[in-house]
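Student: So I've got this file, coords24.pdb, and it contains PDB, N, CA, C and O atoms, pLDDT in the B column:
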```pdb
ATOM      1  N   GLU A 246     113.655  91.727 130.052  1.00 91.00           N
ATOM      2  CA  GLU A 246     114.708  91.848 131.021  1.00 91.00           C
ATOM      3  C   GLU A 246     115.823  90.839 130.722  1.00 91.00           C
ATOM      4  O   GLU A 246     117.001  91.172 130.811  1.00 91.00           O
ATOM      5  N   LYS A 247     115.432  89.615 130.331  1.00 93.00           N
ATOM      6  CA  LYS A 247     116.442  88.594 130.017  1.00 93.00           C
ATOM      7  C   LYS A 247     117.269  89.001 128.802  1.00 93.00           C
ATOM      8  O   LYS A 247     118.481  88.797 128.769  1.00 93.00           O
ATOM      9  N   LEU A 248     116.602  89.552 127.806  1.00 89.00           N
ATOM     10  CA  LEU A 248     117.316  89.996 126.611  1.00 89.00           C
ATOM     11  C   LEU A 248     118.297  91.117 126.948  1.00 89.00           C
ATOM     12  O   LEU A 248     119.453  91.096 126.520  1.00 89.00           O
ATOM     13  N   PHE A 249     117.839  92.078 127.726  1.00 90.00           N
ATOM     14  CA  PHE A 249     118.718  93.164 128.142  1.00 90.00           C
ATOM     15  C   PHE A 249     119.931  92.626 128.891  1.00 90.00           C
ATOM     16  O   PHE A 249     121.067  93.001 128.606  1.00 90.00           O
ATOM     17  N   ASN A 250     119.703  91.733 129.826  1.00 92.00           N
ATOM     18  CA  ASN A 250     120.815  91.178 130.613  1.00 92.00           C
ATOM     19  C   ASN A 250     121.780  90.377 129.747  1.00 92.00           C
ATOM     20  O   ASN A 250     122.990  90.408 129.969  1.00 92.00           O
ATOM     21  N   TYR A 251     121.244  89.674 128.759  1.00 92.00           N
ATOM     22  CA  TYR A 251     122.112  88.936 127.834  1.00 92.00           C
ATOM     23  C   TYR A 251     123.039  89.902 127.098  1.00 92.00           C
ATOM     24  O   TYR A 251     124.247  89.707 127.031  1.00 92.00           O
ATOM     25  N   TYR A 252     122.459  90.954 126.526  1.00 90.00           N
ATOM     26  CA  TYR A 252     123.275  91.920 125.786  1.00 90.00           C
ATOM     27  C   TYR A 252     124.246  92.656 126.695  1.00 90.00           C
ATOM     28  O   TYR A 252     125.347  92.994 126.291  1.00 90.00           O
ATOM     29  N   LEU A 253     123.831  92.901 127.911  1.00 92.00           N
ATOM     30  CA  LEU A 253     124.699  93.593 128.857  1.00 92.00           C
ATOM     31  C   LEU A 253     125.968  92.799 129.152  1.00 92.00           C
ATOM     32  O   LEU A 253     127.025  93.373 129.409  1.00 92.00           O
ATOM     33  N   LYS A 254     125.880  91.484 129.043  1.00 94.00           N
ATOM     34  CA  LYS A 254     127.068  90.646 129.238  1.00 94.00           C
ATOM     35  C   LYS A 254     128.058  90.783 128.083  1.00 94.00           C
ATOM     36  O   LYS A 254     129.243  90.524 128.239  1.00 94.00           O
ATOM     37  N   HIS A 255     127.551  91.158 126.903  1.00 93.00           N
ATOM     38  CA  HIS A 255     128.378  91.199 125.701  1.00 93.00           C
ATOM     39  C   HIS A 255     128.714  92.608 125.211  1.00 93.00           C
ATOM     40  O   HIS A 255     129.661  92.783 124.445  1.00 93.00           O
ATOM     41  N   TYR A 256     127.907  93.577 125.596  1.00 93.00           N
ATOM     42  CA  TYR A 256     128.077  94.942 125.083  1.00 93.00           C
ATOM     43  C   TYR A 256     127.931  95.955 126.207  1.00 93.00           C
ATOM     44  O   TYR A 256     127.204  95.735 127.169  1.00 93.00           O
ATOM     45  N   SER A 257     128.556  97.085 126.013  1.00 94.00           N
ATOM     46  CA  SER A 257     128.396  98.182 126.977  1.00 94.00           C
ATOM     47  C   SER A 257     127.041  98.857 126.732  1.00 94.00           C
ATOM     48  O   SER A 257     126.449  98.730 125.657  1.00 94.00           O
ATOM     49  N   ILE A 258     126.594  99.609 127.723  1.00 93.00           N
ATOM     50  CA  ILE A 258     125.359 100.384 127.571  1.00 93.00           C
ATOM     51  C   ILE A 258     125.497 101.350 126.401  1.00 93.00           C
ATOM     52  O   ILE A 258     124.584 101.493 125.594  1.00 93.00           O
ATOM     53  N   GLU A 259     126.641 101.974 126.278  1.00 94.00           N
ATOM     54  CA  GLU A 259     126.876 102.925 125.183  1.00 94.00           C
ATOM     55  C   GLU A 259     126.734 102.246 123.822  1.00 94.00           C
ATOM     56  O   GLU A 259     126.154 102.801 122.889  1.00 94.00           O
ATOM     57  N   LYS A 260     127.287 101.042 123.693  1.00 92.00           N
ATOM     58  CA  LYS A 260     127.193 100.303 122.426  1.00 92.00           C
ATOM     59  C   LYS A 260     125.740  99.923 122.132  1.00 92.00           C
ATOM     60  O   LYS A 260     125.286 100.023 120.994  1.00 92.00           O
ATOM     61  N   MET A 261     124.994  99.496 123.143  1.00 91.00           N
ATOM     62  CA  MET A 261     123.583  99.151 122.939  1.00 91.00           C
ATOM     63  C   MET A 261     122.781 100.361 122.487  1.00 91.00           C
ATOM     64  O   MET A 261     121.927 100.261 121.606  1.00 91.00           O
ATOM     65  N   ILE A 262     123.067 101.519 123.081  1.00 92.00           N
ATOM     66  CA  ILE A 262     122.376 102.748 122.680  1.00 92.00           C
ATOM     67  C   ILE A 262     122.727 103.101 121.237  1.00 92.00           C
ATOM     68  O   ILE A 262     121.848 103.442 120.441  1.00 92.00           O
ATOM     69  N   GLU A 263     123.988 102.985 120.891  1.00 91.00           N
ATOM     70  CA  GLU A 263     124.433 103.296 119.520  1.00 91.00           C
ATOM     71  C   GLU A 263     123.734 102.387 118.503  1.00 91.00           C
ATOM     72  O   GLU A 263     123.188 102.856 117.510  1.00 91.00           O
ATOM     73  N   VAL A 264     123.749 101.106 118.749  1.00 87.00           N
ATOM     74  CA  VAL A 264     123.156 100.143 117.816  1.00 87.00           C
ATOM     75  C   VAL A 264     121.641 100.346 117.711  1.00 87.00           C
ATOM     76  O   VAL A 264     121.077 100.319 116.625  1.00 87.00           O
ATOM     77  N   SER A 265     120.988 100.572 118.818  1.00 87.00           N
ATOM     78  CA  SER A 265     119.529 100.705 118.792  1.00 87.00           C
ATOM     79  C   SER A 265     119.064 102.038 118.212  1.00 87.00           C
ATOM     80  O   SER A 265     117.896 102.190 117.881  1.00 87.00           O
ATOM     81  N   SER A 266     119.964 102.988 118.048  1.00 89.00           N
ATOM     82  CA  SER A 266     119.581 104.274 117.475  1.00 89.00           C
ATOM     83  C   SER A 266     119.647 104.277 115.948  1.00 89.00           C
ATOM     84  O   SER A 266     119.150 105.193 115.304  1.00 89.00           O
ATOM     85  N   ARG A 267     120.248 103.249 115.357  1.00 86.00           N
ATOM     86  CA  ARG A 267     120.359 103.158 113.895  1.00 86.00           C
ATOM     87  C   ARG A 267     119.113 102.510 113.295  1.00 86.00           C
ATOM     88  O   ARG A 267     118.466 101.694 113.942  1.00 86.00           O
ATOM     89  N   PRO A 268     118.818 102.831 112.034  1.00 81.00           N
ATOM     90  CA  PRO A 268     117.699 102.157 111.354  1.00 81.00           C
ATOM     91  C   PRO A 268     117.933 100.651 111.267  1.00 81.00           C
ATOM     92  O   PRO A 268     119.075 100.186 111.238  1.00 81.00           O
ATOM     93  N   ILE A 269     116.865  99.910 111.188  1.00 79.00           N
ATOM     94  CA  ILE A 269     116.937  98.452 111.108  1.00 79.00           C
ATOM     95  C   ILE A 269     117.339  97.999 109.700  1.00 79.00           C
ATOM     96  O   ILE A 269     117.985  96.987 109.532  1.00 79.00           O
ATOM     97  N   LEU A 270     116.959  98.735 108.699  1.00 81.00           N
ATOM     98  CA  LEU A 270     117.210  98.417 107.289  1.00 81.00           C
ATOM     99  C   LEU A 270     116.569  97.091 106.894  1.00 81.00           C
ATOM    100  O   LEU A 270     117.222  96.065 106.746  1.00 81.00           O
ATOM    101  N   LEU A 271     115.278  97.156 106.719  1.00 83.00           N
ATOM    102  CA  LEU A 271     114.504  95.969 106.353  1.00 83.00           C
ATOM    103  C   LEU A 271     114.930  95.436 104.995  1.00 83.00           C
ATOM    104  O   LEU A 271     115.245  96.202 104.087  1.00 83.00           O
ATOM    105  N   LYS A 272     114.900  94.147 104.843  1.00 89.00           N
ATOM    106  CA  LYS A 272     115.218  93.503 103.580  1.00 89.00           C
ATOM    107  C   LYS A 272     113.980  92.864 102.954  1.00 89.00           C
ATOM    108  O   LYS A 272     113.989  92.509 101.794  1.00 89.00           O
ATOM    109  N   ARG A 273     112.925  92.723 103.749  1.00 91.00           N
ATOM    110  CA  ARG A 273     111.673  92.143 103.267  1.00 91.00           C
ATOM    111  C   ARG A 273     110.522  93.116 103.486  1.00 91.00           C
ATOM    112  O   ARG A 273     110.532  93.895 104.424  1.00 91.00           O
ATOM    113  N   MET A 274     109.532  93.036 102.606  1.00 90.00           N
ATOM    114  CA  MET A 274     108.353  93.883 102.696  1.00 90.00           C
ATOM    115  C   MET A 274     107.545  93.484 103.930  1.00 90.00           C
ATOM    116  O   MET A 274     107.207  92.314 104.084  1.00 90.00           O
ATOM    117  N   PRO A 275     107.243  94.435 104.817  1.00 88.00           N
ATOM    118  CA  PRO A 275     106.539  94.083 106.049  1.00 88.00           C
ATOM    119  C   PRO A 275     105.018  94.066 105.953  1.00 88.00           C
ATOM    120  O   PRO A 275     104.344  93.735 106.923  1.00 88.00           O
ATOM    121  N   PHE A 276     104.440  94.413 104.780  1.00 88.00           N
ATOM    122  CA  PHE A 276     102.986  94.523 104.672  1.00 88.00           C
ATOM    123  C   PHE A 276     102.541  94.366 103.222  1.00 88.00           C
ATOM    124  O   PHE A 276     103.353  94.298 102.311  1.00 88.00           O
ATOM    125  N   GLY A 277     101.238  94.342 103.024  1.00 88.00           N
ATOM    126  CA  GLY A 277     100.648  94.391 101.690  1.00 88.00           C
ATOM    127  C   GLY A 277     100.743  93.097 100.897  1.00 88.00           C
ATOM    128  O   GLY A 277     101.031  92.034 101.426  1.00 88.00           O
ATOM    129  N   LYS A 278     100.491  93.239  99.596  1.00 92.00           N
ATOM    130  CA  LYS A 278     100.423  92.052  98.736  1.00 92.00           C
ATOM    131  C   LYS A 278     101.761  91.332  98.602  1.00 92.00           C
ATOM    132  O   LYS A 278     101.805  90.171  98.226  1.00 92.00           O
ATOM    133  N   TYR A 279     102.847  92.014  98.904  1.00 93.00           N
ATOM    134  CA  TYR A 279     104.172  91.392  98.833  1.00 93.00           C
ATOM    135  C   TYR A 279     104.770  91.129 100.213  1.00 93.00           C
ATOM    136  O   TYR A 279     105.980  90.972 100.346  1.00 93.00           O
ATOM    137  N   LYS A 280     103.932  91.054 101.217  1.00 95.00           N
ATOM    138  CA  LYS A 280     104.407  90.833 102.590  1.00 95.00           C
ATOM    139  C   LYS A 280     105.361  89.640 102.633  1.00 95.00           C
ATOM    140  O   LYS A 280     105.100  88.594 102.044  1.00 95.00           O
ATOM    141  N   ASP A 281     106.488  89.827 103.310  1.00 95.00           N
ATOM    142  CA  ASP A 281     107.546  88.832 103.505  1.00 95.00           C
ATOM    143  C   ASP A 281     108.372  88.513 102.258  1.00 95.00           C
ATOM    144  O   ASP A 281     109.246  87.666 102.303  1.00 95.00           O
ATOM    145  N   LYS A 282     108.115  89.194 101.154  1.00 95.00           N
ATOM    146  CA  LYS A 282     108.951  89.017  99.959  1.00 95.00           C
ATOM    147  C   LYS A 282     110.174  89.925 100.078  1.00 95.00           C
ATOM    148  O   LYS A 282     110.125  90.993 100.670  1.00 95.00           O
ATOM    149  N   TRP A 283     111.285  89.496  99.495  1.00 94.00           N
ATOM    150  CA  TRP A 283     112.504  90.298  99.484  1.00 94.00           C
ATOM    151  C   TRP A 283     112.278  91.539  98.620  1.00 94.00           C
ATOM    152  O   TRP A 283     111.697  91.456  97.536  1.00 94.00           O
ATOM    153  N   PHE A 284     112.749  92.705  99.069  1.00 90.00           N
ATOM    154  CA  PHE A 284     112.613  93.927  98.269  1.00 90.00           C
ATOM    155  C   PHE A 284     113.249  93.740  96.898  1.00 90.00           C
ATOM    156  O   PHE A 284     112.691  94.167  95.884  1.00 90.00           O
ATOM    157  N   LYS A 285     114.396  93.089  96.862  1.00 92.00           N
ATOM    158  CA  LYS A 285     115.077  92.855  95.590  1.00 92.00           C
ATOM    159  C   LYS A 285     114.174  92.078  94.634  1.00 92.00           C
ATOM    160  O   LYS A 285     114.098  92.386  93.449  1.00 92.00           O
ATOM    161  N   GLN A 286     113.483  91.077  95.135  1.00 94.00           N
ATOM    162  CA  GLN A 286     112.583  90.273  94.312  1.00 94.00           C
ATOM    163  C   GLN A 286     111.412  91.117  93.795  1.00 94.00           C
ATOM    164  O   GLN A 286     111.028  90.985  92.626  1.00 94.00           O
ATOM    165  N   ILE A 287     110.878  91.990  94.632  1.00 94.00           N
ATOM    166  CA  ILE A 287     109.754  92.835  94.215  1.00 94.00           C
ATOM    167  C   ILE A 287     110.203  93.789  93.115  1.00 94.00           C
ATOM    168  O   ILE A 287     109.495  93.976  92.121  1.00 94.00           O
ATOM    169  N   VAL A 288     111.386  94.370  93.278  1.00 92.00           N
ATOM    170  CA  VAL A 288     111.900  95.282  92.253  1.00 92.00           C
ATOM    171  C   VAL A 288     112.058  94.559  90.922  1.00 92.00           C
ATOM    172  O   VAL A 288     111.743  95.102  89.866  1.00 92.00           O
ATOM    173  N   GLU A 289     112.514  93.322  90.962  1.00 94.00           N
ATOM    174  CA  GLU A 289     112.726  92.553  89.722  1.00 94.00           C
ATOM    175  C   GLU A 289     111.414  92.155  89.062  1.00 94.00           C
ATOM    176  O   GLU A 289     111.341  92.081  87.841  1.00 94.00           O
ATOM    177  N   THR A 290     110.373  91.895  89.851  1.00 95.00           N
ATOM    178  CA  THR A 290     109.123  91.398  89.279  1.00 95.00           C
ATOM    179  C   THR A 290     108.044  92.460  89.123  1.00 95.00           C
ATOM    180  O   THR A 290     107.166  92.329  88.278  1.00 95.00           O
ATOM    181  N   ASP A 291     108.077  93.517  89.928  1.00 95.00           N
ATOM    182  CA  ASP A 291     107.045  94.555  89.876  1.00 95.00           C
ATOM    183  C   ASP A 291     107.635  95.901  90.273  1.00 95.00           C
ATOM    184  O   ASP A 291     107.263  96.491  91.277  1.00 95.00           O
ATOM    185  N   ARG A 292     108.557  96.365  89.467  1.00 93.00           N
ATOM    186  CA  ARG A 292     109.246  97.626  89.766  1.00 93.00           C
ATOM    187  C   ARG A 292     108.257  98.781  89.882  1.00 93.00           C
ATOM    188  O   ARG A 292     108.431  99.682  90.695  1.00 93.00           O
ATOM    189  N   GLY A 293     107.208  98.753  89.105  1.00 93.00           N
ATOM    190  CA  GLY A 293     106.199  99.816  89.146  1.00 93.00           C
ATOM    191  C   GLY A 293     105.569  99.950  90.524  1.00 93.00           C
ATOM    192  O   GLY A 293     105.297 101.059  90.988  1.00 93.00           O
ATOM    193  N   TYR A 294     105.329  98.831  91.176  1.00 90.00           N
ATOM    194  CA  TYR A 294     104.761  98.858  92.521  1.00 90.00           C
ATOM    195  C   TYR A 294     105.726  99.537  93.491  1.00 90.00           C
ATOM    196  O   TYR A 294     105.324 100.379  94.299  1.00 90.00           O
ATOM    197  N   MET A 295     106.993  99.188  93.409  1.00 88.00           N
ATOM    198  CA  MET A 295     107.980  99.795  94.294  1.00 88.00           C
ATOM    199  C   MET A 295     108.101 101.292  94.023  1.00 88.00           C
ATOM    200  O   MET A 295     108.208 102.084  94.958  1.00 88.00           O
ATOM    201  N   GLU A 296     108.066 101.696  92.768  1.00 89.00           N
ATOM    202  CA  GLU A 296     108.131 103.113  92.440  1.00 89.00           C
ATOM    203  C   GLU A 296     106.899 103.835  92.959  1.00 89.00           C
ATOM    204  O   GLU A 296     106.999 104.936  93.499  1.00 89.00           O
ATOM    205  N   TRP A 297     105.719 103.224  92.798  1.00 88.00           N
ATOM    206  CA  TRP A 297     104.491 103.817  93.318  1.00 88.00           C
ATOM    207  C   TRP A 297     104.590 103.979  94.832  1.00 88.00           C
ATOM    208  O   TRP A 297     104.270 105.032  95.378  1.00 88.00           O
ATOM    209  N   MET A 298     105.023 102.926  95.508  1.00 85.00           N
ATOM    210  CA  MET A 298     105.135 102.968  96.960  1.00 85.00           C
ATOM    211  C   MET A 298     106.097 104.081  97.380  1.00 85.00           C
ATOM    212  O   MET A 298     105.806 104.856  98.284  1.00 85.00           O
ATOM    213  N   TRP A 299     107.244 104.159  96.745  1.00 82.00           N
ATOM    214  CA  TRP A 299     108.250 105.159  97.083  1.00 82.00           C
ATOM    215  C   TRP A 299     107.698 106.577  96.909  1.00 82.00           C
ATOM    216  O   TRP A 299     107.972 107.465  97.721  1.00 82.00           O
ATOM    217  N   ASN A 300     106.909 106.806  95.851  1.00 87.00           N
ATOM    218  CA  ASN A 300     106.385 108.138  95.551  1.00 87.00           C
ATOM    219  C   ASN A 300     105.122 108.498  96.312  1.00 87.00           C
ATOM    220  O   ASN A 300     104.798 109.674  96.443  1.00 87.00           O
ATOM    221  N   ASN A 301     104.378 107.512  96.807  1.00 87.00           N
ATOM    222  CA  ASN A 301     103.070 107.788  97.388  1.00 87.00           C
ATOM    223  C   ASN A 301     102.906 107.439  98.859  1.00 87.00           C
ATOM    224  O   ASN A 301     101.882 107.767  99.445  1.00 87.00           O
ATOM    225  N   MET A 302     103.881 106.792  99.426  1.00 79.00           N
ATOM    226  CA  MET A 302     103.768 106.394 100.820  1.00 79.00           C
ATOM    227  C   MET A 302     104.838 107.088 101.648  1.00 79.00           C
ATOM    228  O   MET A 302     105.891 107.452 101.139  1.00 79.00           O
ATOM    229  N   GLU A 303     104.544 107.228 102.910  1.00 77.00           N
ATOM    230  CA  GLU A 303     105.541 107.776 103.822  1.00 77.00           C
ATOM    231  C   GLU A 303     106.469 106.642 104.229  1.00 77.00           C
ATOM    232  O   GLU A 303     106.103 105.751 104.986  1.00 77.00           O
ATOM    233  N   ILE A 304     107.672 106.645 103.688  1.00 69.00           N
ATOM    234  CA  ILE A 304     108.643 105.595 103.915  1.00 69.00           C
ATOM    235  C   ILE A 304     109.516 105.987 105.104  1.00 69.00           C
ATOM    236  O   ILE A 304     110.090 107.068 105.120  1.00 69.00           O
ATOM    237  N   ASP A 305     109.608 105.110 106.073  1.00 66.00           N
ATOM    238  CA  ASP A 305     110.453 105.438 107.215  1.00 66.00           C
ATOM    239  C   ASP A 305     111.897 105.037 106.954  1.00 66.00           C
ATOM    240  O   ASP A 305     112.220 104.390 105.960  1.00 66.00           O
ATOM    241  N   GLU A 306     112.769 105.414 107.858  1.00 62.00           N
ATOM    242  CA  GLU A 306     114.208 105.202 107.661  1.00 62.00           C
ATOM    243  C   GLU A 306     114.599 103.733 107.592  1.00 62.00           C
ATOM    244  O   GLU A 306     115.648 103.395 107.066  1.00 62.00           O
ATOM    245  N   ASN A 307     113.760 102.837 108.067  1.00 59.00           N
ATOM    246  CA  ASN A 307     114.073 101.415 108.024  1.00 59.00           C
ATOM    247  C   ASN A 307     113.908 100.828 106.621  1.00 59.00           C
ATOM    248  O   ASN A 307     114.430  99.759 106.339  1.00 59.00           O
ATOM    249  N   MET A 308     113.163 101.508 105.764  1.00 61.00           N
ATOM    250  CA  MET A 308     112.916 100.995 104.416  1.00 61.00           C
ATOM    251  C   MET A 308     113.711 101.732 103.359  1.00 61.00           C
ATOM    252  O   MET A 308     113.584 101.448 102.192  1.00 61.00           O
ATOM    253  N   ASN A 309     114.542 102.674 103.742  1.00 54.00           N
ATOM    254  CA  ASN A 309     115.362 103.400 102.764  1.00 54.00           C
ATOM    255  C   ASN A 309     116.477 102.536 102.261  1.00 54.00           C
ATOM    256  O   ASN A 309     116.981 101.694 102.860  1.00 54.00           O
TER     257      ASN A 309
END
```
Starting from the file, lay out its structure as structure tokens.

Tutor:
Amino acid sequence: EKLFNYYLKHYSIEKMIEVSSRPILLKRMPFGKYKDKWFKQIVETDRGYMEWMWNNMEIDENMN
């Protein structure tokens, strides 16, 4: 409730709905052996893993 009220002071309801409807676009791996590593770093050090993940896992819009 406090977070909502804070944002309500700075943004309209319409703007909050617009922003919250977009993907988050993660920059770090949220799970697995590379948890908390930057995607860019994983691609540079283990591109095969990223390719495997992309081809074999259901990737949501936040990781595209």

Student: In Å, how far is it from CA of Lys254 in chain A to CA of Arg267 in chain A?

Tutor: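 Interatomic distance here is 20.9 Å.
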
Student: Between atom N of Lys282 in chain A and atom C of Leu270 in chain A, what distance in Å does the model show, to one decimal?

Tutor: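 Interatomic distance here is 12.9 Å.
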
Student: Write out as number ranges by chain the set of residues from chain A that DSSP, computed on the backbone, places in alpha helix (DSSP H).

Tutor: A: 247-255, 258-266, 284-290, 292-301

Student: Rounded to one decimal in Å, what is the spacing between atom N of Lys272 in chain A and atom N of Lys260 in chain A?

Tutor: 23.6 Å

Student: Could you tell me, as a PDB file with N, CA, C and O atoms, in the frame of the given file, exactly which residues end up selected when the PyMOL selection byres (((chain A and resi 295 and name CA) around 12) and name CA) is applied to this structure?

Tutor:
```
ATOM      1  N   MET A 274     109.532  93.036 102.606  1.00 90.00           N
ATOM      2  CA  MET A 274     108.353  93.883 102.696  1.00 90.00           C
ATOM      3  C   MET A 274     107.545  93.484 103.930  1.00 90.00           C
ATOM      4  O   MET A 274     107.207  92.314 104.084  1.00 90.00           O
ATOM      5  N   GLY A 277     101.238  94.342 103.024  1.00 88.00           N
ATOM      6  CA  GLY A 277     100.648  94.391 101.690  1.00 88.00           C
ATOM      7  C   GLY A 277     100.743  93.097 100.897  1.00 88.00           C
ATOM      8  O   GLY A 277     101.031  92.034 101.426  1.00 88.00           O
ATOM      9  N   LYS A 278     100.491  93.239  99.596  1.00 92.00           N
ATOM     10  CA  LYS A 278     100.423  92.052  98.736  1.00 92.00           C
ATOM     11  C   LYS A 278     101.761  91.332  98.602  1.00 92.00           C
ATOM     12  O   LYS A 278     101.805  90.171  98.226  1.00 92.00           O
ATOM     13  N   TYR A 279     102.847  92.014  98.904  1.00 93.00           N
ATOM     14  CA  TYR A 279     104.172  91.392  98.833  1.00 93.00           C
ATOM     15  C   TYR A 279     104.770  91.129 100.213  1.00 93.00           C
ATOM     16  O   TYR A 279     105.980  90.972 100.346  1.00 93.00           O
ATOM     17  N   TRP A 283     111.285  89.496  99.495  1.00 94.00           N
ATOM     18  CA  TRP A 283     112.504  90.298  99.484  1.00 94.00           C
ATOM     19  C   TRP A 283     112.278  91.539  98.620  1.00 94.00           C
ATOM     20  O   TRP A 283     111.697  91.456  97.536  1.00 94.00           O
ATOM     21  N   PHE A 284     112.749  92.705  99.069  1.00 90.00           N
ATOM     22  CA  PHE A 284     112.613  93.927  98.269  1.00 90.00           C
ATOM     23  C   PHE A 284     113.249  93.740  96.898  1.00 90.00           C
ATOM     24  O   PHE A 284     112.691  94.167  95.884  1.00 90.00           O
ATOM     25  N   LYS A 285     114.396  93.089  96.862  1.00 92.00           N
ATOM     26  CA  LYS A 285     115.077  92.855  95.590  1.00 92.00           C
ATOM     27  C   LYS A 285     114.174  92.078  94.634  1.00 92.00           C
ATOM     28  O   LYS A 285     114.098  92.386  93.449  1.00 92.00           O
ATOM     29  N   GLN A 286     113.483  91.077  95.135  1.00 94.00           N
ATOM     30  CA  GLN A 286     112.583  90.273  94.312  1.00 94.00           C
ATOM     31  C   GLN A 286     111.412  91.117  93.795  1.00 94.00           C
ATOM     32  O   GLN A 286     111.028  90.985  92.626  1.00 94.00           O
ATOM     33  N   ILE A 287     110.878  91.990  94.632  1.00 94.00           N
ATOM     34  CA  ILE A 287     109.754  92.835  94.215  1.00 94.00           C
ATOM     35  C   ILE A 287     110.203  93.789  93.115  1.00 94.00           C
ATOM     36  O   ILE A 287     109.495  93.976  92.121  1.00 94.00           O
ATOM     37  N   VAL A 288     111.386  94.370  93.278  1.00 92.00           N
ATOM     38  CA  VAL A 288     111.900  95.282  92.253  1.00 92.00           C
ATOM     39  C   VAL A 288     112.058  94.559  90.922  1.00 92.00           C
ATOM     40  O   VAL A 288     111.743  95.102  89.866  1.00 92.00           O
ATOM     41  N   GLU A 289     112.514  93.322  90.962  1.00 94.00           N
ATOM     42  CA  GLU A 289     112.726  92.553  89.722  1.00 94.00           C
ATOM     43  C   GLU A 289     111.414  92.155  89.062  1.00 94.00           C
ATOM     44  O   GLU A 289     111.341  92.081  87.841  1.00 94.00           O
ATOM     45  N   THR A 290     110.373  91.895  89.851  1.00 95.00           N
ATOM     46  CA  THR A 290     109.123  91.398  89.279  1.00 95.00           C
ATOM     47  C   THR A 290     108.044  92.460  89.123  1.00 95.00           C
ATOM     48  O   THR A 290     107.166  92.329  88.278  1.00 95.00           O
ATOM     49  N   ASP A 291     108.077  93.517  89.928  1.00 95.00           N
ATOM     50  CA  ASP A 291     107.045  94.555  89.876  1.00 95.00           C
ATOM     51  C   ASP A 291     107.635  95.901  90.273  1.00 95.00           C
ATOM     52  O   ASP A 291     107.263  96.491  91.277  1.00 95.00           O
ATOM     53  N   ARG A 292     108.557  96.365  89.467  1.00 93.00           N
ATOM     54  CA  ARG A 292     109.246  97.626  89.766  1.00 93.00           C
ATOM     55  C   ARG A 292     108.257  98.781  89.882  1.00 93.00           C
ATOM     56  O   ARG A 292     108.431  99.682  90.695  1.00 93.00           O
ATOM     57  N   GLY A 293     107.208  98.753  89.105  1.00 93.00           N
ATOM     58  CA  GLY A 293     106.199  99.816  89.146  1.00 93.00           C
ATOM     59  C   GLY A 293     105.569  99.950  90.524  1.00 93.00           C
ATOM     60  O   GLY A 293     105.297 101.059  90.988  1.00 93.00           O
ATOM     61  N   TYR A 294     105.329  98.831  91.176  1.00 90.00           N
ATOM     62  CA  TYR A 294     104.761  98.858  92.521  1.00 90.00           C
ATOM     63  C   TYR A 294     105.726  99.537  93.491  1.00 90.00           C
ATOM     64  O   TYR A 294     105.324 100.379  94.299  1.00 90.00           O
ATOM     65  N   GLU A 296     108.066 101.696  92.768  1.00 89.00           N
ATOM     66  CA  GLU A 296     108.131 103.113  92.440  1.00 89.00           C
ATOM     67  C   GLU A 296     106.899 103.835  92.959  1.00 89.00           C
ATOM     68  O   GLU A 296     106.999 104.936  93.499  1.00 89.00           O
ATOM     69  N   TRP A 297     105.719 103.224  92.798  1.00 88.00           N
ATOM     70  CA  TRP A 297     104.491 103.817  93.318  1.00 88.00           C
ATOM     71  C   TRP A 297     104.590 103.979  94.832  1.00 88.00           C
ATOM     72  O   TRP A 297     104.270 105.032  95.378  1.00 88.00           O
ATOM     73  N   MET A 298     105.023 102.926  95.508  1.00 85.00           N
ATOM     74  CA  MET A 298     105.135 102.968  96.960  1.00 85.00           C
ATOM     75  C   MET A 298     106.097 104.081  97.380  1.00 85.00           C
ATOM     76  O   MET A 298     105.806 104.856  98.284  1.00 85.00           O
ATOM     77  N   TRP A 299     107.244 104.159  96.745  1.00 82.00           N
ATOM     78  CA  TRP A 299     108.250 105.159  97.083  1.00 82.00           C
ATOM     79  C   TRP A 299     107.698 106.577  96.909  1.00 82.00           C
ATOM     80  O   TRP A 299     107.972 107.465  97.721  1.00 82.00           O
ATOM     81  N   ASN A 300     106.909 106.806  95.851  1.00 87.00           N
ATOM     82  CA  ASN A 300     106.385 108.138  95.551  1.00 87.00           C
ATOM     83  C   ASN A 300     105.122 108.498  96.312  1.00 87.00           C
ATOM     84  O   ASN A 300     104.798 109.674  96.443  1.00 87.00           O
ATOM     85  N   ASN A 301     104.378 107.512  96.807  1.00 87.00           N
ATOM     86  CA  ASN A 301     103.070 107.788  97.388  1.00 87.00           C
ATOM     87  C   ASN A 301     102.906 107.439  98.859  1.00 87.00           C
ATOM     88  O   ASN A 301     101.882 107.767  99.445  1.00 87.00           O
ATOM     89  N   MET A 302     103.881 106.792  99.426  1.00 79.00           N
ATOM     90  CA  MET A 302     103.768 106.394 100.820  1.00 79.00           C
ATOM     91  C   MET A 302     104.838 107.088 101.648  1.00 79.00           C
ATOM     92  O   MET A 302     105.891 107.452 101.139  1.00 79.00           O
ATOM     93  N   ILE A 304     107.672 106.645 103.688  1.00 69.00           N
ATOM     94  CA  ILE A 304     108.643 105.595 103.915  1.00 69.00           C
ATOM     95  C   ILE A 304     109.516 105.987 105.104  1.00 69.00           C
ATOM     96  O   ILE A 304     110.090 107.068 105.120  1.00 69.00           O
ATOM     97  N   MET A 308     113.163 101.508 105.764  1.00 61.00           N
ATOM     98  CA  MET A 308     112.916 100.995 104.416  1.00 61.00           C
ATOM     99  C   MET A 308     113.711 101.732 103.359  1.00 61.00           C
ATOM    100  O   MET A 308     113.584 101.448 102.192  1.00 61.00           O
ATOM    101  N   ASN A 309     114.542 102.674 103.742  1.00 54.00           N
ATOM    102  CA  ASN A 309     115.362 103.400 102.764  1.00 54.00           C
ATOM    103  C   ASN A 309     116.477 102.536 102.261  1.00 54.00           C
ATOM    104  O   ASN A 309     116.981 101.694 102.860  1.00 54.00           O
TER     105      ASN A 309
END
```

Student: Produce the centre coordinates and the three edge lengths, each in Å to one decimal, of the box along x, y and z that contains all listed atoms of range 255-259 of chain A with 3 Å added on each side, as lines of an AutoDock Vina configuration file.

Tutor:
```
center_x = 127.1
center_y = 97.0
center_z = 125.3
size_x = 11.1
size_y = 17.8
size_z = 10.8
```
